[in-house]
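Trainee: The structure under discussion is supplied below as structure tokens; questions concerning it will follow.
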Amino acid sequence: MNPKDMMPVEISDQTMWTLSSDRKTVRLALPPLPLAGMAEPIRAIMDFDAETVDAMLERLTILRGQMLPPLPAPRKRN
């Protein structure tokens with residue numbers, strides 16, 4: 001990803017992620033996203049079931065681990 005292609009977004013996590021009233025899905029609602037050539041910004045709203053949330057958490061945990069610096073090499077013992 002090229003940082004110049006990224007657009008900062010200001011939104012609270014309480015607004016972005018919400019639990020449905022029946023507690024069976026989680027909704028991700030992104031702020032309006034302007035796209036070149038479109039008169040109106042895109043509104044992206046996605047609903048995820050528990051299985052999908054589990055899969056996303058697992059994948060994000062792996063990716064987050066890759067973002068951390070590597071652990072130092074163990075010292076040799078005689």
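Chain labels A, B, ... are given in the sequence in which chains occur in the structure tokens; within each chain residues are numbered consecutively from 1, and ligands are likewise numbered from 1 in the order shown.
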Mind listing the strand (DSSP E or B) residues of range 5-72 of chain A, per DSSP on the backbone, as a CSV table (one decimal) with N, CA, C and O atoms, in the first residue's frame?
Mentor:
chain,number,residue,atom,x,y,z
A,17,TRP,N,-18.5,0.1,14.6
A,17,TRP,CA,-18.9,-1.2,14.9
A,17,TRP,C,-20.1,-1.3,15.8
A,17,TRP,O,-20.0,-0.7,16.9
A,18,THR,N,-21.2,-1.9,15.4
A,18,THR,CA,-22.4,-2.0,16.3
A,18,THR,C,-23.0,-3.4,16.2
A,18,THR,O,-22.9,-4.1,15.2
A,19,LEU,N,-23.5,-3.8,17.3
A,19,LEU,CA,-24.2,-5.1,17.4
A,19,LEU,C,-25.7,-5.0,17.1
A,19,LEU,O,-26.3,-4.0,17.5
A,25,THR,N,-25.6,-10.4,14.5
A,25,THR,CA,-24.6,-9.9,13.6
A,25,THR,C,-24.0,-8.6,14.1
A,25,THR,O,-24.5,-8.0,15.0
A,26,VAL,N,-22.8,-8.3,13.6
A,26,VAL,CA,-22.1,-7.1,13.9
A,26,VAL,C,-22.0,-6.3,12.6
A,26,VAL,O,-21.7,-6.8,11.5
A,27,ARG,N,-22.3,-5.0,12.7
A,27,ARG,CA,-22.3,-4.1,11.5
A,27,ARG,C,-21.1,-3.3,11.5
A,27,ARG,O,-20.7,-2.6,12.5
A,28,LEU,N,-20.4,-3.2,10.3
A,28,LEU,CA,-19.3,-2.3,10.1
A,28,LEU,C,-19.9,-1.2,9.2
A,28,LEU,O,-20.4,-1.5,8.0
A,29,ALA,N,-20.0,0.0,9.6
A,29,ALA,CA,-20.5,1.1,8.8
A,29,ALA,C,-19.3,2.1,8.7
A,29,ALA,O,-18.9,2.8,9.6
A,33,LEU,N,-17.4,7.6,1.7
A,33,LEU,CA,-16.1,7.6,1.0
A,33,LEU,C,-16.3,8.2,-0.4
A,33,LEU,O,-16.9,7.7,-1.3
A,42,ILE,N,-19.7,7.1,-1.6
A,42,ILE,CA,-20.1,5.7,-1.4
A,42,ILE,C,-20.4,5.5,0.1
A,42,ILE,O,-19.6,5.9,0.9
A,45,ILE,N,-21.8,-0.4,4.2
A,45,ILE,CA,-22.3,-1.0,5.4
A,45,ILE,C,-22.2,-2.5,5.2
A,45,ILE,O,-22.8,-3.0,4.2
A,46,MET,N,-21.6,-3.2,6.1
A,46,MET,CA,-21.4,-4.7,6.0
A,46,MET,C,-21.8,-5.3,7.3
A,46,MET,O,-21.4,-4.9,8.4
A,47,ASP,N,-22.6,-6.4,7.2
A,47,ASP,CA,-23.0,-7.2,8.4
A,47,ASP,C,-22.3,-8.5,8.4
A,47,ASP,O,-22.2,-9.2,7.4
A,48,PHE,N,-21.8,-8.9,9.6
A,48,PHE,CA,-21.0,-10.1,9.7
A,48,PHE,C,-21.6,-11.0,10.8
A,48,PHE,O,-22.0,-10.5,11.9
A,49,ASP,N,-21.7,-12.3,10.5
A,49,ASP,CA,-22.1,-13.2,11.6
A,49,ASP,C,-21.0,-13.6,12.5
A,49,ASP,O,-19.8,-13.2,12.2
Trainee: May I ask for the distance between CA of Pro32 in chain A and CA of Val9 in chain A, given in Å to one decimal place?
Mentor: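 We find that CA of Pro32 in chain A and CA of Val9 in chain A lie 9.5 Å from each other.
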Trainee: Between A:Ala50, A:Leu68, A:Leu60, A:Ala55, single out the one closest to Lys24 in chain A, counting only C-alpha atoms.
Mentor: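 Among the listed residues, the smallest separation from Lys24 in chain A belongs to A:Ala50.
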Trainee: Enumerate, as a list in words, the complete set of residues in chain A that a backbone-based DSSP assignment places in helix (DSSP H, G or I).
Mentor: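 The helix (DSSP H, G or I) residues within chain A come out as Pro3, Lys4, Asp5, Asp13, Gln14, Thr15, Met16, Ala50, Glu51, Thr52, Val53, Asp54, Ala55, Met56, Leu57, Glu58, Arg59, Leu60, Thr61, Ile62, Leu63, Arg64, Gly65, Gln66 and Met67 of chain A.
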Trainee: In Å, with one decimal, what is the gap from CA of Thr15 in chain A to CA of Arg43 in chain A?
Mentor: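 CA of Arg43 in chain A lies at a distance of 13.9 Å from CA of Thr15 in chain A.
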Trainee: In terms of the shortest atom-to-atom distance over only C-alpha atoms, which of A:Pro69, A:Arg59, A:Pro8, A:Ser20 is closest to Pro34 in chain A?
Mentor: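 Closest to Pro34 in chain A, using only C-alpha atoms: A:Pro8.
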